[in-house]
Amino acid sequence: MKTIHQYLLIIVGFIVLSGCEDFLEEENRQSLTDANAFENPEVFDQLVVNVYSQYREAFMDFQMEFMGTDMATREALVAGVSELNDYVNIATDNGTIRDYWTRYYKVIDAANTVVSRVDQIAGVTESQREVGLAEAKFFRAFAYFHLVEHFSDVPLIVEEVTSAEFSYTRTPEADVYNQVVMDIDEAIANLPNEVDVYGRLTKDAARHLKSKILLTRGYKSYREETDFSEAAALAETVIANRPLVDSFELLTAIGNQRNSEVILSMLFGTEAIAQGDGVGADGNARHQLFKFTYDIYPGLNRSSIYGRGSGISLTPQYFDLFEAGDERESATLRRVIYALEDDGEIMVGDTAVFFPREPWSEAEKAAVPYTVINEDEYYIPNGFTPVHYPMFQKFDDPTVPYGDAGGFRDAVIFRSGEAYLIAAEAYLGAGDASQAAEYINTLRNRAGLGNITANDVTVDLILNESAKELLGEVSRWMDLKRTGRLIDRVLAFNPHAALNNTLEAKHLVRPIPQSEIDLTDGLTQNEGYQ
């Protein structure tokens with residue numbers, strides 16, 4: 001017999017790391033079984049917490065969302081091959097793809113358990129029931145939205161699986177989207193406007209997710225006529241409720257993580273478990289995004305100040321996006337790396353590595369004791385490292401020891417800066433470029449830039465603005481796929497993918513994990529994969 005204890009074992013990490021009280025407090029329930037657990041209404045809360053926990057494990061998997069895009073590539077010489085980034089010989093048993101599939105289906109399984117079990121648990125109030133179901137269905141919608149975009153038709157499972165099942169077929173995309181919209185509508189109806197416990201879901205989180213879902217469906221053959229207009233309206237509601245922070249620098253400051261702009265954050269605590277072990281860690285690993293191996297340069301060493309990279313690098317195109325004076329650049333990128341130890345002419349606090357916006361001449365570089373790297377040299381070996389570029393700093397977490405993947409910062413999932421871009425893209429899709437320009441200009445003005453006009457607004461311009469505003473926060477791969485720009489922009493701007501030149505239409509979906517096909521009766525593979 002399956003016991004409730006099995007469900008609760010995987011909850012502990014989320015509760016410890018969240019730092020929240022009341023709803024997320026854990027108790028010892030190892031003696032609970034189906035026979036007695038359903039007499040305790042607190043078990044329902046624990047099952048809901050499990051959905052949050054499984055969601056976090058799925059969402060912190062970065063490679064599928066960033067690698068192989070126009071703005072992110074592998075940290076390596078422009079040579080060789082890679083399955084995920086270069087789209088070369090992607091295996092149907094690729095471990096990263098398999099893990100992505102598995103983690104999101106674990107979210108769905110946890111959500112289905114809440115949906116199927118709620119009426120069996122004694123003492124659950126109507127309010128508790130409505131909100132808990134709404135939370136579960138929000139995350140089920142989120143999971144299926146990601147799965148259907150990455151894999152196309154997928155098995156649609158909306159009830160708890162309580163026995164071994166082997167017969168599964170793939171549900172058409174349009175039907176999966178219908179279920180996703182049904183789930184998110186219920187979440188909007190029953191989630192509260194505000195919460196007492198930071199990190200729990202609100203109506204605005206559900207509105208924001210639905211705006212992304214409808215925006216994405218608006219590009220498809222089975223779209224509904226109102227998808228773009230409704231996406232814009234939902235985004236506008238969120239914008240009205242979640243005002244922008246005054247400056248991008250303040251928005252990204254580690255001391256201002258919980259601000260007016262945040263719609264939904266994933267929370268991480270400061271306990272030892274949050275640091276992880278560098279592999280599969282439970283903390284927020286965003287601080288490792290987009291950093292090269294800097295510690296072998298004179299005056300530098302392995303330090304928590306700059307952290308360690310994850311092997312995901314920025315493409316040269318990313319740096320070309322920033323206009324002079326764009327305040328997002330200085331808040332996002334570190335163009336100066338300062339020395340951490342004395343080394344010859346370089347002393348602690350001196351410049352150790354510098355990435356100028358405008359290229360320096362060889363004579364200018366020779367006149368200084370530190371390393372100067374121009375943009376056209378970012379992917380050329382210089383005797384220290386094969387790849388080097390201005391590192392990300394907007395996710396920095398200097399409290400985390402070097403090498404630990406488990407960071408302590410909140411991971412912002414949704415914020416109203418994205419809602420402005422969703423509104424802009426939705427209005428463009430609906431044929432109102434003037435309104436789209438207004439939303440883009442609000443973000444540009446906050447960054448210290450001037451206005452664009454309606455004639456300037458294109459999907460590519462919105463993608464560029466999104467990269468400057470949101471890179472590392474939202475799925476770049478899904479953005480490119482949604483807008484139909486994945487193939488052309490990746491081949492134009494990702495140097496490794498361009499070198500191999502194998503990206504084609506079949507890569508707009510991932511292969512169904514072969515292990516799933518082998519274990520089930522009825523699953524088929526996506527076209528073009530063997």
# chains A, B, ... in the order shown; residues from 1 in each chain; ligands from 1

$ select_by_dssp --residues "region 42-281 of chain A" --states "strand (DSSP E or B)" --output "MDAnalysis selection string"
chainID A and resid 72:74 154 167 171 262:266

$ residues_around --residues "Val81 (chain A)" --least-positions-apart "3" --cutoff "8 Å" --atoms "only C-alpha atoms" --output "NGL selection string"
:A and (86 or 88 or 496 or 500)

$ write_last_selection --atoms "C-alpha atoms" --output "PDB file, in the first residue's frame"
ATOM      1  CA  ASP A  86      24.664  22.744 -31.473  1.00  0.00           C
ATOM      2  CA  VAL A  88      24.082  17.753 -33.587  1.00  0.00           C
ATOM      3  CA  HIS A 496      28.782  26.954 -32.069  1.00  0.00           C
ATOM      4  CA  ASN A 500      27.807  23.001 -37.231  1.00  0.00           C
TER       5      ASN A 500
END

$ residues_around --residues "region 165-169 of chain A" --least-positions-apart "5" --cutoff "9 Å" --atoms "only C-alpha atoms" --output "list in words"
Val154, Pro155, Leu156, Leu519, Thr520, Asp521, Gly522, Leu523 and Thr524 of chain A

$ write_last_selection --atoms "all heavy atoms" --output "PDB file, in the first residue's frame"
ATOM      1  N   VAL A 154       1.895  15.315 -25.858  1.00  0.00           N
ATOM      2  CA  VAL A 154       2.386  14.567 -24.701  1.00  0.00           C
ATOM      3  C   VAL A 154       1.211  13.886 -24.015  1.00  0.00           C
ATOM      4  O   VAL A 154       0.059  14.303 -24.163  1.00  0.00           O
ATOM      5  CB  VAL A 154       3.111  15.483 -23.684  1.00  0.00           C
ATOM      6  CG1 VAL A 154       4.389  16.045 -24.275  1.00  0.00           C
ATOM      7  CG2 VAL A 154       2.184  16.600 -23.203  1.00  0.00           C
ATOM      8  N   PRO A 155       1.463  12.816 -23.254  1.00  0.00           N
ATOM      9  CA  PRO A 155       0.379  12.181 -22.512  1.00  0.00           C
ATOM     10  C   PRO A 155      -0.260  13.167 -21.537  1.00  0.00           C
ATOM     11  O   PRO A 155       0.437  13.835 -20.768  1.00  0.00           O
ATOM     12  CB  PRO A 155       1.080  11.042 -21.768  1.00  0.00           C
ATOM     13  CG  PRO A 155       2.295  10.737 -22.589  1.00  0.00           C
ATOM     14  CD  PRO A 155       2.739  12.066 -23.117  1.00  0.00           C
ATOM     15  N   LEU A 156      -1.566  13.262 -21.568  1.00  0.00           N
ATOM     16  CA  LEU A 156      -2.312  14.158 -20.692  1.00  0.00           C
ATOM     17  C   LEU A 156      -2.912  13.327 -19.560  1.00  0.00           C
ATOM     18  O   LEU A 156      -3.828  12.539 -19.768  1.00  0.00           O
ATOM     19  CB  LEU A 156      -3.407  14.874 -21.473  1.00  0.00           C
ATOM     20  CG  LEU A 156      -4.247  15.892 -20.704  1.00  0.00           C
ATOM     21  CD1 LEU A 156      -3.377  17.021 -20.163  1.00  0.00           C
ATOM     22  CD2 LEU A 156      -5.347  16.460 -21.598  1.00  0.00           C
ATOM     23  N   LEU A 519       9.259   1.846 -21.969  1.00  0.00           N
ATOM     24  CA  LEU A 519       8.537   1.370 -20.798  1.00  0.00           C
ATOM     25  C   LEU A 519       7.025   1.439 -20.949  1.00  0.00           C
ATOM     26  O   LEU A 519       6.307   0.984 -20.063  1.00  0.00           O
ATOM     27  CB  LEU A 519       8.957   2.179 -19.566  1.00  0.00           C
ATOM     28  CG  LEU A 519      10.377   1.949 -19.056  1.00  0.00           C
ATOM     29  CD1 LEU A 519      10.719   2.961 -17.970  1.00  0.00           C
ATOM     30  CD2 LEU A 519      10.531   0.529 -18.520  1.00  0.00           C
ATOM     31  N   THR A 520       6.560   2.023 -22.033  1.00  0.00           N
ATOM     32  CA  THR A 520       5.126   2.212 -22.187  1.00  0.00           C
ATOM     33  C   THR A 520       4.636   1.585 -23.489  1.00  0.00           C
ATOM     34  O   THR A 520       5.409   1.299 -24.394  1.00  0.00           O
ATOM     35  CB  THR A 520       4.760   3.705 -22.182  1.00  0.00           C
ATOM     36  OG1 THR A 520       5.499   4.371 -23.210  1.00  0.00           O
ATOM     37  CG2 THR A 520       5.068   4.347 -20.847  1.00  0.00           C
ATOM     38  N   ASP A 521       3.346   1.443 -23.539  1.00  0.00           N
ATOM     39  CA  ASP A 521       2.697   0.907 -24.730  1.00  0.00           C
ATOM     40  C   ASP A 521       1.859   2.019 -25.340  1.00  0.00           C
ATOM     41  O   ASP A 521       0.844   2.408 -24.781  1.00  0.00           O
ATOM     42  CB  ASP A 521       1.812  -0.281 -24.346  1.00  0.00           C
ATOM     43  CG  ASP A 521       1.040  -0.827 -25.537  1.00  0.00           C
ATOM     44  OD1 ASP A 521       1.475  -0.576 -26.686  1.00  0.00           O
ATOM     45  OD2 ASP A 521      -0.001  -1.477 -25.318  1.00  0.00           O
ATOM     46  N   GLY A 522       2.325   2.573 -26.472  1.00  0.00           N
ATOM     47  CA  GLY A 522       1.533   3.586 -27.143  1.00  0.00           C
ATOM     48  C   GLY A 522       2.257   4.882 -27.423  1.00  0.00           C
ATOM     49  O   GLY A 522       1.811   5.675 -28.263  1.00  0.00           O
ATOM     50  N   LEU A 523       3.370   5.142 -26.737  1.00  0.00           N
ATOM     51  CA  LEU A 523       4.113   6.372 -27.005  1.00  0.00           C
ATOM     52  C   LEU A 523       4.885   6.240 -28.309  1.00  0.00           C
ATOM     53  O   LEU A 523       5.495   5.205 -28.592  1.00  0.00           O
ATOM     54  CB  LEU A 523       5.096   6.685 -25.874  1.00  0.00           C
ATOM     55  CG  LEU A 523       4.551   7.349 -24.613  1.00  0.00           C
ATOM     56  CD1 LEU A 523       5.698   7.711 -23.686  1.00  0.00           C
ATOM     57  CD2 LEU A 523       3.739   8.592 -24.958  1.00  0.00           C
ATOM     58  N   THR A 524       4.886   7.300 -29.094  1.00  0.00           N
ATOM     59  CA  THR A 524       5.637   7.332 -30.351  1.00  0.00           C
ATOM     60  C   THR A 524       6.656   8.452 -30.310  1.00  0.00           C
ATOM     61  O   THR A 524       6.559   9.386 -29.504  1.00  0.00           O
ATOM     62  CB  THR A 524       4.684   7.557 -31.534  1.00  0.00           C
ATOM     63  OG1 THR A 524       3.947   8.774 -31.315  1.00  0.00           O
ATOM     64  CG2 THR A 524       3.724   6.386 -31.682  1.00  0.00           C
TER      65      THR A 524
END

$ residues_around --residues "Thr252 (chain A)" --least-positions-apart "4" --cutoff "10 Å" --atoms "only C-alpha atoms" --output "ChimeraX atom specification"
/A:245,247-248,256-257,328,331-332,393-396

$ write_last_selection --atoms "C-alpha atoms" --output "mmCIF file, in the first residue's frame"
data_model
loop_
_atom_site.group_PDB
_atom_site.id
_atom_site.type_symbol
_atom_site.label_atom_id
_atom_site.label_comp_id
_atom_site.auth_asym_id
_atom_site.auth_seq_id
_atom_site.Cartn_x
_atom_site.Cartn_y
_atom_site.Cartn_z
ATOM 1 C CA VAL A 245 10.929 49.278 -9.291
ATOM 2 C CA SER A 247 15.703 51.470 -11.418
ATOM 3 C CA PHE A 248 17.060 48.232 -12.823
ATOM 4 C CA ASN A 256 15.958 44.276 -2.490
ATOM 5 C CA GLN A 257 14.834 40.836 -3.611
ATOM 6 C CA ARG A 328 20.562 47.389 -17.575
ATOM 7 C CA ALA A 331 23.470 46.160 -13.514
ATOM 8 C CA THR A 332 23.726 42.899 -15.466
ATOM 9 C CA GLN A 393 26.452 39.848 -11.977
ATOM 10 C CA LYS A 394 22.699 40.403 -11.576
ATOM 11 C CA PHE A 395 22.301 37.001 -9.894
ATOM 12 C CA ASP A 396 25.454 37.213 -7.778
#

$ select_by_dssp --residues "region 269-357 of chain A" --states "helix (DSSP H, G or I)" --output "VMD selection string"
chain A and resid 272 to 275 285 to 288 316 to 320 327 to 332

$ write_last_selection --atoms "all heavy atoms" --output "short mmCIF file (atom, residue, chain, number, x, y, z; two decimals), in the first residue's frame"
data_model
loop_
_atom_site.label_atom_id
_atom_site.label_comp_id
_atom_site.auth_asym_id
_atom_site.auth_seq_id
_atom_site.Cartn_x
_atom_site.Cartn_y
_atom_site.Cartn_z
N ALA A 272 22.43 24.80 5.71
CA ALA A 272 23.50 24.12 4.97
C ALA A 272 22.99 23.35 3.77
O ALA A 272 23.64 23.29 2.73
CB ALA A 272 24.26 23.18 5.91
N ILE A 273 21.79 22.76 3.90
CA ILE A 273 21.27 21.96 2.80
C ILE A 273 21.06 22.80 1.55
O ILE A 273 21.13 22.32 0.42
CB ILE A 273 19.95 21.27 3.20
CG1 ILE A 273 19.53 20.24 2.14
CG2 ILE A 273 18.85 22.27 3.43
CD1 ILE A 273 18.32 19.42 2.53
N ALA A 274 20.85 24.11 1.72
CA ALA A 274 20.58 24.98 0.58
C ALA A 274 21.82 25.16 -0.29
O ALA A 274 21.71 25.48 -1.46
CB ALA A 274 20.10 26.35 1.06
N GLN A 275 23.01 24.95 0.29
CA GLN A 275 24.23 25.13 -0.49
C GLN A 275 24.43 24.01 -1.48
O GLN A 275 25.06 24.19 -2.51
CB GLN A 275 25.44 25.22 0.44
CG GLN A 275 25.40 26.43 1.37
CD GLN A 275 26.61 26.49 2.27
OE1 GLN A 275 27.52 25.67 2.14
NE2 GLN A 275 26.63 27.44 3.17
N ALA A 285 20.77 28.12 -8.20
CA ALA A 285 22.05 28.08 -8.90
C ALA A 285 22.18 29.15 -9.97
O ALA A 285 23.12 29.13 -10.77
CB ALA A 285 22.26 26.71 -9.53
N ARG A 286 21.27 30.12 -10.02
CA ARG A 286 21.36 31.15 -11.05
C ARG A 286 22.65 31.96 -10.94
O ARG A 286 23.10 32.54 -11.93
CB ARG A 286 20.16 32.09 -10.96
CG ARG A 286 18.90 31.54 -11.60
CD ARG A 286 17.77 32.54 -11.53
NE ARG A 286 16.58 32.08 -12.21
CZ ARG A 286 15.41 32.70 -12.18
NH1 ARG A 286 15.27 33.81 -11.46
NH2 ARG A 286 14.37 32.23 -12.83
N HIS A 287 23.25 32.02 -9.75
CA HIS A 287 24.48 32.79 -9.61
C HIS A 287 25.63 32.21 -10.42
O HIS A 287 26.66 32.86 -10.60
CB HIS A 287 24.89 32.88 -8.13
CG HIS A 287 25.26 31.56 -7.53
ND1 HIS A 287 24.33 30.61 -7.19
CD2 HIS A 287 26.47 31.03 -7.20
CE1 HIS A 287 24.95 29.55 -6.68
NE2 HIS A 287 26.24 29.78 -6.68
N GLN A 288 25.46 31.00 -10.94
CA GLN A 288 26.50 30.37 -11.76
C GLN A 288 26.31 30.60 -13.26
O GLN A 288 27.15 30.19 -14.06
CB GLN A 288 26.55 28.87 -11.48
CG GLN A 288 27.00 28.52 -10.08
CD GLN A 288 27.28 27.04 -9.91
OE1 GLN A 288 26.69 26.21 -10.60
NE2 GLN A 288 28.18 26.70 -9.02
N PRO A 316 28.36 36.29 -28.38
CA PRO A 316 28.82 37.65 -28.68
C PRO A 316 27.68 38.62 -28.97
O PRO A 316 27.77 39.81 -28.67
CB PRO A 316 29.72 37.45 -29.90
CG PRO A 316 30.22 36.05 -29.78
CD PRO A 316 29.07 35.28 -29.19
N GLN A 317 26.59 38.12 -29.56
CA GLN A 317 25.48 38.99 -29.92
C GLN A 317 24.87 39.69 -28.70
O GLN A 317 24.38 40.82 -28.81
CB GLN A 317 24.41 38.18 -30.64
CG GLN A 317 23.12 38.93 -30.97
CD GLN A 317 23.33 40.05 -31.98
OE1 GLN A 317 24.37 40.11 -32.63
NE2 GLN A 317 22.35 40.93 -32.12
N TYR A 318 24.90 39.04 -27.56
CA TYR A 318 24.26 39.62 -26.38
C TYR A 318 24.85 41.00 -26.06
O TYR A 318 24.11 41.92 -25.72
CB TYR A 318 24.42 38.69 -25.18
CG TYR A 318 23.73 39.22 -23.94
CD1 TYR A 318 22.35 39.25 -23.85
CD2 TYR A 318 24.47 39.71 -22.86
CE1 TYR A 318 21.71 39.73 -22.72
CE2 TYR A 318 23.84 40.20 -21.73
CZ TYR A 318 22.46 40.21 -21.67
OH TYR A 318 21.83 40.72 -20.55
N PHE A 319 26.14 41.13 -26.17
CA PHE A 319 26.78 42.38 -25.80
C PHE A 319 26.47 43.50 -26.80
O PHE A 319 26.49 44.68 -26.44
CB PHE A 319 28.30 42.17 -25.69
CG PHE A 319 28.65 41.01 -24.80
CD1 PHE A 319 29.00 39.78 -25.34
CD2 PHE A 319 28.59 41.13 -23.42
CE1 PHE A 319 29.30 38.71 -24.52
CE2 PHE A 319 28.88 40.06 -22.60
CZ PHE A 319 29.25 38.84 -23.15
N ASP A 320 26.15 43.13 -28.02
CA ASP A 320 25.84 44.13 -29.04
C ASP A 320 24.45 44.73 -28.86
O ASP A 320 24.13 45.75 -29.48
CB ASP A 320 25.94 43.51 -30.44
CG ASP A 320 27.37 43.16 -30.82
OD1 ASP A 320 28.30 43.76 -30.24
OD2 ASP A 320 27.55 42.28 -31.68
N GLU A 327 21.12 51.37 -18.62
CA GLU A 327 21.47 51.05 -17.25
C GLU A 327 21.35 49.56 -16.94
O GLU A 327 21.91 49.08 -15.96
CB GLU A 327 20.60 51.87 -16.29
CG GLU A 327 20.84 53.37 -16.40
CD GLU A 327 19.84 54.21 -15.63
OE1 GLU A 327 19.05 53.62 -14.85
OE2 GLU A 327 19.86 55.44 -15.79
N ARG A 328 20.65 48.84 -17.77
CA ARG A 328 20.56 47.39 -17.57
C ARG A 328 21.91 46.72 -17.80
O ARG A 328 22.20 45.67 -17.21
CB ARG A 328 19.51 46.80 -18.50
CG ARG A 328 18.09 47.21 -18.16
CD ARG A 328 17.09 46.79 -19.20
NE ARG A 328 17.29 47.48 -20.47
CZ ARG A 328 16.40 47.47 -21.46
NH1 ARG A 328 15.26 46.83 -21.32
NH2 ARG A 328 16.64 48.12 -22.59
N GLU A 329 22.74 47.32 -18.65
CA GLU A 329 24.04 46.72 -18.92
C GLU A 329 24.91 46.72 -17.66
O GLU A 329 25.48 45.68 -17.29
CB GLU A 329 24.76 47.47 -20.04
CG GLU A 329 26.13 46.88 -20.35
CD GLU A 329 26.87 47.63 -21.44
OE1 GLU A 329 26.54 48.81 -21.68
OE2 GLU A 329 27.79 47.04 -22.04
N SER A 330 25.03 47.85 -17.01
CA SER A 330 25.91 47.92 -15.84
C SER A 330 25.38 47.10 -14.67
O SER A 330 26.15 46.59 -13.85
CB SER A 330 26.11 49.37 -15.41
OG SER A 330 24.87 49.99 -15.09
N ALA A 331 24.05 46.96 -14.59
CA ALA A 331 23.47 46.16 -13.51
C ALA A 331 23.58 44.67 -13.80
O ALA A 331 23.55 43.85 -12.88
CB ALA A 331 22.01 46.54 -13.30
N THR A 332 23.72 44.31 -15.07
CA THR A 332 23.73 42.90 -15.47
C THR A 332 25.13 42.36 -15.64
O THR A 332 25.43 41.22 -15.24
CB THR A 332 22.95 42.72 -16.79
OG1 THR A 332 21.61 43.18 -16.62
CG2 THR A 332 22.93 41.26 -17.22
#

$ closest_residue --among "A:Leu214, A:Ala110, A:Leu491, A:Ala143" --to "Thr226 (chain A)" --atoms "only C-alpha atoms"
A:Leu214

$ decode --residues "region 455-465 of chain A" --atoms "all heavy atoms" --output "PDB file, in the first residue's frame"
ATOM      1  N   ASN A 455       6.703  52.258 -35.696  1.00  0.00           N
ATOM      2  CA  ASN A 455       7.340  51.688 -36.891  1.00  0.00           C
ATOM      3  C   ASN A 455       8.567  50.844 -36.551  1.00  0.00           C
ATOM      4  O   ASN A 455       9.008  50.024 -37.364  1.00  0.00           O
ATOM      5  CB  ASN A 455       7.745  52.805 -37.852  1.00  0.00           C
ATOM      6  CG  ASN A 455       6.551  53.484 -38.489  1.00  0.00           C
ATOM      7  OD1 ASN A 455       5.493  52.880 -38.625  1.00  0.00           O
ATOM      8  ND2 ASN A 455       6.715  54.747 -38.889  1.00  0.00           N
ATOM      9  N   ASP A 456       9.118  51.061 -35.364  1.00  0.00           N
ATOM     10  CA  ASP A 456      10.300  50.296 -34.951  1.00  0.00           C
ATOM     11  C   ASP A 456       9.942  48.921 -34.399  1.00  0.00           C
ATOM     12  O   ASP A 456      10.812  48.036 -34.306  1.00  0.00           O
ATOM     13  CB  ASP A 456      11.069  51.057 -33.862  1.00  0.00           C
ATOM     14  CG  ASP A 456      11.610  52.390 -34.333  1.00  0.00           C
ATOM     15  OD1 ASP A 456      12.082  52.452 -35.480  1.00  0.00           O
ATOM     16  OD2 ASP A 456      11.556  53.366 -33.548  1.00  0.00           O
ATOM     17  N   VAL A 457       8.697  48.732 -34.001  1.00  0.00           N
ATOM     18  CA  VAL A 457       8.330  47.523 -33.254  1.00  0.00           C
ATOM     19  C   VAL A 457       8.213  46.323 -34.185  1.00  0.00           C
ATOM     20  O   VAL A 457       7.409  46.309 -35.115  1.00  0.00           O
ATOM     21  CB  VAL A 457       7.014  47.725 -32.490  1.00  0.00           C
ATOM     22  CG1 VAL A 457       6.666  46.449 -31.710  1.00  0.00           C
ATOM     23  CG2 VAL A 457       7.115  48.905 -31.543  1.00  0.00           C
ATOM     24  N   THR A 458       9.026  45.329 -33.905  1.00  0.00           N
ATOM     25  CA  THR A 458       8.970  44.043 -34.587  1.00  0.00           C
ATOM     26  C   THR A 458       9.142  42.957 -33.536  1.00  0.00           C
ATOM     27  O   THR A 458       9.524  43.239 -32.387  1.00  0.00           O
ATOM     28  CB  THR A 458      10.088  43.893 -35.628  1.00  0.00           C
ATOM     29  OG1 THR A 458      11.363  43.930 -34.946  1.00  0.00           O
ATOM     30  CG2 THR A 458      10.030  45.005 -36.671  1.00  0.00           C
ATOM     31  N   VAL A 459       8.893  41.733 -33.914  1.00  0.00           N
ATOM     32  CA  VAL A 459       9.137  40.624 -32.995  1.00  0.00           C
ATOM     33  C   VAL A 459      10.597  40.582 -32.594  1.00  0.00           C
ATOM     34  O   VAL A 459      10.936  40.346 -31.426  1.00  0.00           O
ATOM     35  CB  VAL A 459       8.695  39.298 -33.639  1.00  0.00           C
ATOM     36  CG1 VAL A 459       9.247  38.115 -32.857  1.00  0.00           C
ATOM     37  CG2 VAL A 459       7.174  39.210 -33.692  1.00  0.00           C
ATOM     38  N   ASP A 460      11.499  40.828 -33.537  1.00  0.00           N
ATOM     39  CA  ASP A 460      12.923  40.788 -33.213  1.00  0.00           C
ATOM     40  C   ASP A 460      13.307  41.887 -32.235  1.00  0.00           C
ATOM     41  O   ASP A 460      14.125  41.664 -31.339  1.00  0.00           O
ATOM     42  CB  ASP A 460      13.762  40.909 -34.489  1.00  0.00           C
ATOM     43  CG  ASP A 460      13.744  39.628 -35.306  1.00  0.00           C
ATOM     44  OD1 ASP A 460      14.065  38.567 -34.740  1.00  0.00           O
ATOM     45  OD2 ASP A 460      13.397  39.681 -36.500  1.00  0.00           O
ATOM     46  N   LEU A 461      12.734  43.064 -32.372  1.00  0.00           N
ATOM     47  CA  LEU A 461      13.024  44.120 -31.416  1.00  0.00           C
ATOM     48  C   LEU A 461      12.543  43.717 -30.029  1.00  0.00           C
ATOM     49  O   LEU A 461      13.256  43.939 -29.024  1.00  0.00           O
ATOM     50  CB  LEU A 461      12.366  45.429 -31.842  1.00  0.00           C
ATOM     51  CG  LEU A 461      12.633  46.621 -30.906  1.00  0.00           C
ATOM     52  CD1 LEU A 461      12.897  47.894 -31.684  1.00  0.00           C
ATOM     53  CD2 LEU A 461      11.465  46.834 -29.929  1.00  0.00           C
ATOM     54  N   ILE A 462      11.373  43.117 -29.937  1.00  0.00           N
ATOM     55  CA  ILE A 462      10.865  42.677 -28.630  1.00  0.00           C
ATOM     56  C   ILE A 462      11.772  41.597 -28.048  1.00  0.00           C
ATOM     57  O   ILE A 462      12.067  41.596 -26.847  1.00  0.00           O
ATOM     58  CB  ILE A 462       9.414  42.184 -28.764  1.00  0.00           C
ATOM     59  CG1 ILE A 462       8.495  43.360 -29.105  1.00  0.00           C
ATOM     60  CG2 ILE A 462       8.947  41.511 -27.474  1.00  0.00           C
ATOM     61  CD1 ILE A 462       7.073  42.960 -29.437  1.00  0.00           C
ATOM     62  N   LEU A 463      12.236  40.673 -28.864  1.00  0.00           N
ATOM     63  CA  LEU A 463      13.158  39.648 -28.387  1.00  0.00           C
ATOM     64  C   LEU A 463      14.456  40.264 -27.880  1.00  0.00           C
ATOM     65  O   LEU A 463      15.032  39.808 -26.885  1.00  0.00           O
ATOM     66  CB  LEU A 463      13.443  38.633 -29.488  1.00  0.00           C
ATOM     67  CG  LEU A 463      12.318  37.657 -29.820  1.00  0.00           C
ATOM     68  CD1 LEU A 463      12.645  36.868 -31.084  1.00  0.00           C
ATOM     69  CD2 LEU A 463      12.047  36.708 -28.651  1.00  0.00           C
ATOM     70  N   ASN A 464      14.932  41.299 -28.560  1.00  0.00           N
ATOM     71  CA  ASN A 464      16.149  41.975 -28.099  1.00  0.00           C
ATOM     72  C   ASN A 464      15.925  42.669 -26.759  1.00  0.00           C
ATOM     73  O   ASN A 464      16.762  42.599 -25.851  1.00  0.00           O
ATOM     74  CB  ASN A 464      16.613  42.989 -29.144  1.00  0.00           C
ATOM     75  CG  ASN A 464      17.161  42.333 -30.393  1.00  0.00           C
ATOM     76  OD1 ASN A 464      17.496  41.148 -30.398  1.00  0.00           O
ATOM     77  ND2 ASN A 464      17.244  43.093 -31.476  1.00  0.00           N
ATOM     78  N   GLU A 465      14.787  43.355 -26.633  1.00  0.00           N
ATOM     79  CA  GLU A 465      14.487  44.014 -25.368  1.00  0.00           C
ATOM     80  C   GLU A 465      14.319  42.980 -24.251  1.00  0.00           C
ATOM     81  O   GLU A 465      14.743  43.196 -23.114  1.00  0.00           O
ATOM     82  CB  GLU A 465      13.224  44.866 -25.497  1.00  0.00           C
ATOM     83  CG  GLU A 465      13.387  46.094 -26.367  1.00  0.00           C
ATOM     84  CD  GLU A 465      14.371  47.106 -25.791  1.00  0.00           C
ATOM     85  OE1 GLU A 465      14.463  47.220 -24.548  1.00  0.00           O
ATOM     86  OE2 GLU A 465      15.055  47.779 -26.590  1.00  0.00           O
TER      87      GLU A 465
END
